[in-house]
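Report on the structure given below.
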Amino acid sequence: MNGAPSDQWSSVYYIISTLIFLFLILFNQRIQVFFWLQEISKALRRLEKMVGDSKAVLIRVFREYGNAQQDLINRLNELLEFYVISPVERDPFGVIRRLEHLLRLQRDKLHETIARLAPKADIVIVKNISNMVEASIALNTLYRITRHYSILGRKTKNIYMIMQLEMLLPQIMKAANAYYKALKAFSHGKPIGDGIGALVAGKLILNANEKKVEIVDDTVIAEIPFEGRRLLVVKAAGPGGEVGRPGKIIERIVEGNRGKIARIIMIDAALKLEGEKSGEVIEGIGAAIGDPGPEKLKIEEVATRYNIPIDSIIVKESLEEAITTMKKEIAEAAENVIKRIREIVLRGTKEGDTVIIAGIGNSMGIGQ
Amino acid sequence: MRISRILMILTFMLLGFLIALSMLPPFMQNMYLHQLILIILLTVFILFSYLPRLSMRTEKQVKTITVVKCTKCSFKMERDFQKGDFVFKRLGTCSCGGELYIDAIYNVEVARTTTRRK
């Protein structure tokens with residue numbers, strides 16, 4: 001026998017520690033990928049559960065409004081993969097007009113399908129369910145894309161693909177949670193944070209002693225007097241989830257008044273940056289509207305054509321706050337916004353002027 | 001306490017122990033102990049780096065409030081949200097003769113619960 005027992009143990013110990021050391025150095029990246037994949041799998045399971053829950057909520061709502069179809073789940077699965085092919089952008093001429101056409105088609109198709117799936121639902125409920133379906137489509141898309149890159153990363157053993165996906169997970173999950181929570185708000189028809197513009201416009205209409213209200217293209221136009229001025233208040237028609245056509249209506253009002261509009265004041269919710277306070281009211285200029293383009297373009301074009309100043313007032317909120325039930329601090333910001341509107345009108349216009357006030361946003365749970 | 005914080009404290013304790021050990025006279029130093037601590041440190045470091053989300057999650061419990069007001073007097077009432085409520089919905093006549101309407105519907109935080117992140 002060579003060497004003392006303690007020497008043998010020290011050799012064994014030395015070999016084991018060297019092996020562990022080598023293992024950690026050689027397989028460091030593999031260990032890293034393993035942990036990343038664990039995180040991705042966990043997120044995927046959570047996303048899958050969210051999608052499943054959203055389907056269950058939609059099925060319950062469709063059944064509540066008279067759907068007795070046996071294959072409802074298949075129809076719902078098809079609906080959740082509904083898509084819109086974006087217009088050709090290589091030839092940008094008329095791209096906004098084509099996009100507007102597609103957006104209208106998408107909206108009509110969605111409403112038509114929902115009306116068929118929930119035959120007993122009235123138009124307000126159809127609009128609310130339409131918002132729910134849109135939130136579910138967003139949730140389903142997030143799940144499908146995350147699953148796609150997860151499987152692709154595993155198949156190709158592409159560490160960079162897995163790494164990118166893992167790094168994006170916090171944002172993906174944050175957005176998914178927001179859509180998931182939004183679904184509950186939409187199912188009850190409660191006002192959402194994005195509706196702050198509609199809320200402000202509604203309060204202006206309500207507080208007026210005299211008013212002339214008409215609804216055109218799912219958009220409310222109310223004529224109210226204020227300190228010798230004529231205010232034309234525009235908002236989406238509620239209380240169903242609707243954004244209306246503020247661009248088209250503002251264009252029509254300006255053209256109808258032959259450009260004799262002193263100012264356009266727009267109120268909308270705007271995404272806050274991290275660290276900023278929710279419900280903060282900020283003034284600026286430009287068309288405050290978060291549509292994909294057509295409505296905003298109409299407002300900018302008509303304002304530029306007639307040299308009309310556009311003031312905007314925004315209320316800061318996060319994505320989650322914008323699509324979930326309105327928070328108290330956001331609802332309370334409405335009075336502050338009305339004060340700012342009064343200041344702008346008194347400061348920037350004179351008696352006899354006509355001013356357009358557009359409360360932009362989703363009118364879910366907000367009437368007029 | 002968060003696991004990441006425990007791991008951080010453990011790392012610092014081991015580091016301190018390692019430095020203290022290396023300051024001892026040579027005859028009191030133990031090579032194996034040095035290596036063992038190094039391996040533990042490396043393991044702790046890897047756990048610390050790759051398991052940052054083993055933490056607790058705080059969830060807010062919210063309640064939806066409907067605020068009812070009168071168009072004429074200063075009447076104001078807050079109640080729980082009911083299905084069918086929407087802002088500017090007319091609810092009837094106030095005792096002053098004015099019109100009762102829903103002025104606002106919003107969420108308020110009622111409690112916070114802490115659960116382990118799954």
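A note on labels: chains of the structure tokens are A, B, ... as shown, every chain counts residues from 1, and ligands are counted from 1 in their shown order.
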
*Could you list, as a VMD selection string, every residue of chain B that has an atom within 7 Å of an atom of chain A, counting only C-alpha atoms?*
chain B and resid 50 83 86 to 89 104 to 108

Residues as selected, N, CA, C and O atoms, written as a compact mmCIF listing (two decimals), in the first residue's frame, can you do that?
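Output (part.txt):
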```txt
# COMPACT_ATOMS: atom_id res chain seq x y z
N TYR B 50 -28.23 32.94 -11.69
CA TYR B 50 -29.27 32.39 -12.57
C TYR B 50 -30.63 32.22 -11.92
O TYR B 50 -31.58 31.85 -12.57
N LYS B 83 -73.47 45.37 -11.98
CA LYS B 83 -73.52 45.08 -13.42
C LYS B 83 -74.53 46.02 -14.09
O LYS B 83 -75.64 46.19 -13.57
N PHE B 86 -72.75 52.41 -15.77
CA PHE B 86 -71.79 53.10 -16.65
C PHE B 86 -71.80 54.58 -16.33
O PHE B 86 -72.79 55.10 -15.79
N VAL B 87 -70.72 55.26 -16.58
CA VAL B 87 -70.59 56.67 -16.25
C VAL B 87 -71.62 57.47 -17.06
O VAL B 87 -71.80 57.21 -18.25
N PHE B 88 -72.25 58.43 -16.40
CA PHE B 88 -73.31 59.32 -16.93
C PHE B 88 -74.67 58.61 -17.08
O PHE B 88 -75.58 59.14 -17.69
N LYS B 89 -74.79 57.41 -16.49
CA LYS B 89 -76.08 56.72 -16.50
C LYS B 89 -77.01 57.47 -15.54
O LYS B 89 -76.61 57.80 -14.43
N ALA B 104 -68.60 58.70 -11.71
CA ALA B 104 -67.33 58.00 -11.97
C ALA B 104 -67.41 56.55 -11.54
O ALA B 104 -68.20 56.20 -10.66
N ILE B 105 -66.60 55.74 -12.19
CA ILE B 105 -66.45 54.32 -11.79
C ILE B 105 -64.95 54.08 -11.80
O ILE B 105 -64.28 54.34 -12.80
N TYR B 106 -64.41 53.67 -10.67
CA TYR B 106 -62.96 53.43 -10.63
C TYR B 106 -62.59 52.35 -9.63
O TYR B 106 -63.40 51.98 -8.77
N ASN B 107 -61.36 51.89 -9.76
CA ASN B 107 -60.84 50.85 -8.87
C ASN B 107 -60.10 51.50 -7.70
O ASN B 107 -59.36 52.46 -7.91
N VAL B 108 -60.29 50.97 -6.52
CA VAL B 108 -59.49 51.41 -5.38
C VAL B 108 -58.84 50.17 -4.75
O VAL B 108 -59.42 49.09 -4.77
```

*Which polymer residues have any atom within 9 Å of an atom of Leu18 of chain B, counting only C-alpha atoms, with same-chain residues fewer than 2 positions away left out, as JSON, numbers by chain?*
{"B": [13, 14, 15, 16, 20, 21, 22, 23, 33, 34, 37, 38]}

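Excluding Lys76 of chain B itself and any same-chain residue fewer than 4 positions from it, the protein and nucleic acid residues within 10 Å of it, counting only C-alpha atoms, are Val67, Val68, Lys69, Cys70, Leu100, Tyr101, Ile102 and Asp103 of chain B.
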
With all heavy atoms retained, could you export that selection as a compact mmCIF listing (two decimals), in the first residue's frame?
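See result.txt below for the written result:
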```
# COMPACT_ATOMS: atom_id res chain seq x y z
N VAL B 67 -69.47 56.09 -8.18
CA VAL B 67 -69.77 57.35 -7.49
C VAL B 67 -71.03 57.95 -8.10
O VAL B 67 -71.09 58.19 -9.31
CB VAL B 67 -68.59 58.35 -7.62
CG1 VAL B 67 -68.89 59.65 -6.86
CG2 VAL B 67 -67.29 57.74 -7.12
N VAL B 68 -72.04 58.16 -7.25
CA VAL B 68 -73.32 58.73 -7.72
C VAL B 68 -73.39 60.18 -7.26
O VAL B 68 -73.07 60.49 -6.10
CB VAL B 68 -74.51 57.92 -7.16
CG1 VAL B 68 -75.84 58.50 -7.63
CG2 VAL B 68 -74.41 56.46 -7.56
N LYS B 69 -73.77 61.07 -8.15
CA LYS B 69 -73.89 62.50 -7.82
C LYS B 69 -75.22 63.04 -8.33
O LYS B 69 -75.89 62.40 -9.15
CB LYS B 69 -72.74 63.28 -8.45
CG LYS B 69 -71.44 63.20 -7.66
CD LYS B 69 -70.42 64.17 -8.23
CE LYS B 69 -69.13 64.13 -7.46
NZ LYS B 69 -68.13 65.02 -8.05
N CYS B 70 -75.53 64.25 -7.88
CA CYS B 70 -76.75 64.92 -8.33
C CYS B 70 -76.36 66.09 -9.23
O CYS B 70 -75.32 66.72 -9.01
CB CYS B 70 -77.53 65.42 -7.12
SG CYS B 70 -78.94 66.47 -7.56
N LEU B 100 -80.13 62.24 -10.56
CA LEU B 100 -79.00 61.45 -10.06
C LEU B 100 -78.33 60.75 -11.23
O LEU B 100 -78.99 60.22 -12.10
CB LEU B 100 -79.48 60.41 -9.05
CG LEU B 100 -79.96 60.93 -7.68
CD1 LEU B 100 -80.53 59.78 -6.86
CD2 LEU B 100 -78.81 61.58 -6.91
N TYR B 101 -77.02 60.80 -11.23
CA TYR B 101 -76.27 60.15 -12.33
C TYR B 101 -74.98 59.56 -11.79
O TYR B 101 -74.52 59.93 -10.70
CB TYR B 101 -75.97 61.17 -13.44
CG TYR B 101 -74.93 62.19 -13.05
CD1 TYR B 101 -73.60 62.05 -13.43
CD2 TYR B 101 -75.28 63.29 -12.27
CE1 TYR B 101 -72.64 62.98 -13.04
CE2 TYR B 101 -74.34 64.23 -11.89
CZ TYR B 101 -73.02 64.06 -12.27
OH TYR B 101 -72.08 64.97 -11.88
N ILE B 102 -74.39 58.63 -12.56
CA ILE B 102 -73.11 58.05 -12.15
C ILE B 102 -72.01 58.99 -12.65
O ILE B 102 -71.90 59.24 -13.84
CB ILE B 102 -72.93 56.62 -12.69
CG1 ILE B 102 -74.00 55.69 -12.07
CG2 ILE B 102 -71.53 56.09 -12.40
CD1 ILE B 102 -73.99 54.27 -12.57
N ASP B 103 -71.24 59.51 -11.71
CA ASP B 103 -70.20 60.48 -12.05
C ASP B 103 -68.87 59.79 -12.38
O ASP B 103 -68.11 60.26 -13.22
CB ASP B 103 -70.01 61.44 -10.87
CG ASP B 103 -68.97 62.50 -11.16
OD1 ASP B 103 -69.21 63.29 -12.08
OD2 ASP B 103 -67.92 62.52 -10.50
```

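Of the listed residues A:Val302, A:Glu321, A:Gly293, A:Arg229, the one whose atoms come nearest to Leu271 of chain A is A:Glu321, with distances taken using only C-alpha atoms.
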
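Distances here use only C-alpha atoms; by that measure, the residue among A:Gly241, A:Glu210, A:Asn158, A:Glu166 closest to Ser130 of chain A is A:Gly241.
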
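Nearest to Asp80 of chain B of all the residues B:Cys96, B:Val110, B:Ile65, B:Ile6 is B:Ile65, counting only C-alpha atoms.
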
*Close residues, segment 93-109 of chain A itself excluded, 10 Å, only C-alpha atoms, min 2 positions apart in chain, as a list in words*: Phe82, Tyr83, Val84, Ile85, Ser86, Pro87, Val88, Glu89, Arg90, Asp91, His111, Glu112, Thr113, Ile114, Ala115, Lys127, Ser130, Pro292, Gly293, Pro294, Glu295, Leu297 and Lys298 of chain A

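Computed from the coordinates, the atom CA of Ile313 of chain A to atom CA of Arg340 of chain A distance equals 8.1 Å.
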
Report as a PDB file with all heavy atoms, in the first residue's frame all protein, DNA and RNA residues lying within 7 Å of Ile265 of chain A, evaluated on only C-alpha atoms, omitting residues in the same chain fewer than 6 positions from it.
```pdb
ATOM      1  N   ILE A 310     -53.434  73.120 -32.868  1.00  0.00           N
ATOM      2  CA  ILE A 310     -53.923  71.918 -32.158  1.00  0.00           C
ATOM      3  C   ILE A 310     -53.240  71.872 -30.790  1.00  0.00           C
ATOM      4  O   ILE A 310     -52.016  71.770 -30.703  1.00  0.00           O
ATOM      5  CB  ILE A 310     -53.606  70.599 -32.907  1.00  0.00           C
ATOM      6  CG1 ILE A 310     -54.033  70.670 -34.376  1.00  0.00           C
ATOM      7  CG2 ILE A 310     -54.255  69.415 -32.222  1.00  0.00           C
ATOM      8  CD1 ILE A 310     -53.645  69.426 -35.177  1.00  0.00           C
ATOM      9  N   ASP A 311     -54.033  71.969 -29.750  1.00  0.00           N
ATOM     10  CA  ASP A 311     -53.502  71.810 -28.387  1.00  0.00           C
ATOM     11  C   ASP A 311     -53.828  70.400 -27.940  1.00  0.00           C
ATOM     12  O   ASP A 311     -54.858  69.852 -28.318  1.00  0.00           O
ATOM     13  CB  ASP A 311     -54.196  72.782 -27.424  1.00  0.00           C
ATOM     14  CG  ASP A 311     -53.911  74.226 -27.781  1.00  0.00           C
ATOM     15  OD1 ASP A 311     -52.780  74.662 -27.552  1.00  0.00           O
ATOM     16  OD2 ASP A 311     -54.833  74.904 -28.288  1.00  0.00           O
ATOM     17  N   SER A 312     -52.940  69.849 -27.136  1.00  0.00           N
ATOM     18  CA  SER A 312     -53.281  68.518 -26.616  1.00  0.00           C
ATOM     19  C   SER A 312     -53.029  68.474 -25.121  1.00  0.00           C
ATOM     20  O   SER A 312     -52.109  69.116 -24.612  1.00  0.00           O
ATOM     21  CB  SER A 312     -52.496  67.430 -27.341  1.00  0.00           C
ATOM     22  OG  SER A 312     -51.132  67.593 -27.131  1.00  0.00           O
ATOM     23  N   ILE A 356     -63.058  73.178 -31.187  1.00  0.00           N
ATOM     24  CA  ILE A 356     -63.365  71.735 -31.158  1.00  0.00           C
ATOM     25  C   ILE A 356     -62.631  71.123 -29.971  1.00  0.00           C
ATOM     26  O   ILE A 356     -61.429  71.341 -29.802  1.00  0.00           O
ATOM     27  CB  ILE A 356     -62.932  71.039 -32.474  1.00  0.00           C
ATOM     28  CG1 ILE A 356     -63.736  71.572 -33.662  1.00  0.00           C
ATOM     29  CG2 ILE A 356     -63.093  69.522 -32.361  1.00  0.00           C
ATOM     30  CD1 ILE A 356     -63.280  71.026 -35.005  1.00  0.00           C
ATOM     31  N   ILE A 357     -63.345  70.370 -29.165  1.00  0.00           N
ATOM     32  CA  ILE A 357     -62.718  69.658 -28.043  1.00  0.00           C
ATOM     33  C   ILE A 357     -62.952  68.172 -28.272  1.00  0.00           C
ATOM     34  O   ILE A 357     -64.096  67.708 -28.285  1.00  0.00           O
ATOM     35  CB  ILE A 357     -63.292  70.127 -26.692  1.00  0.00           C
ATOM     36  CG1 ILE A 357     -62.919  71.617 -26.505  1.00  0.00           C
ATOM     37  CG2 ILE A 357     -62.736  69.304 -25.545  1.00  0.00           C
ATOM     38  CD1 ILE A 357     -63.582  72.275 -25.361  1.00  0.00           C
ATOM     39  N   ALA A 358     -61.875  67.459 -28.488  1.00  0.00           N
ATOM     40  CA  ALA A 358     -62.011  66.031 -28.798  1.00  0.00           C
ATOM     41  C   ALA A 358     -61.489  65.170 -27.659  1.00  0.00           C
ATOM     42  O   ALA A 358     -60.292  65.214 -27.341  1.00  0.00           O
ATOM     43  CB  ALA A 358     -61.267  65.724 -30.097  1.00  0.00           C
TER      44      ALA A 358
END
```

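The interatomic distance for the pair atom CA of Glu134 of chain A and atom CA of Met50 of chain A works out to 14.2 Å.
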
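Proximity of A:Leu165, A:Arg263, A:Arg63, A:Val355 to Ile285 of chain A, computed with only C-alpha atoms, is greatest for A:Arg263.
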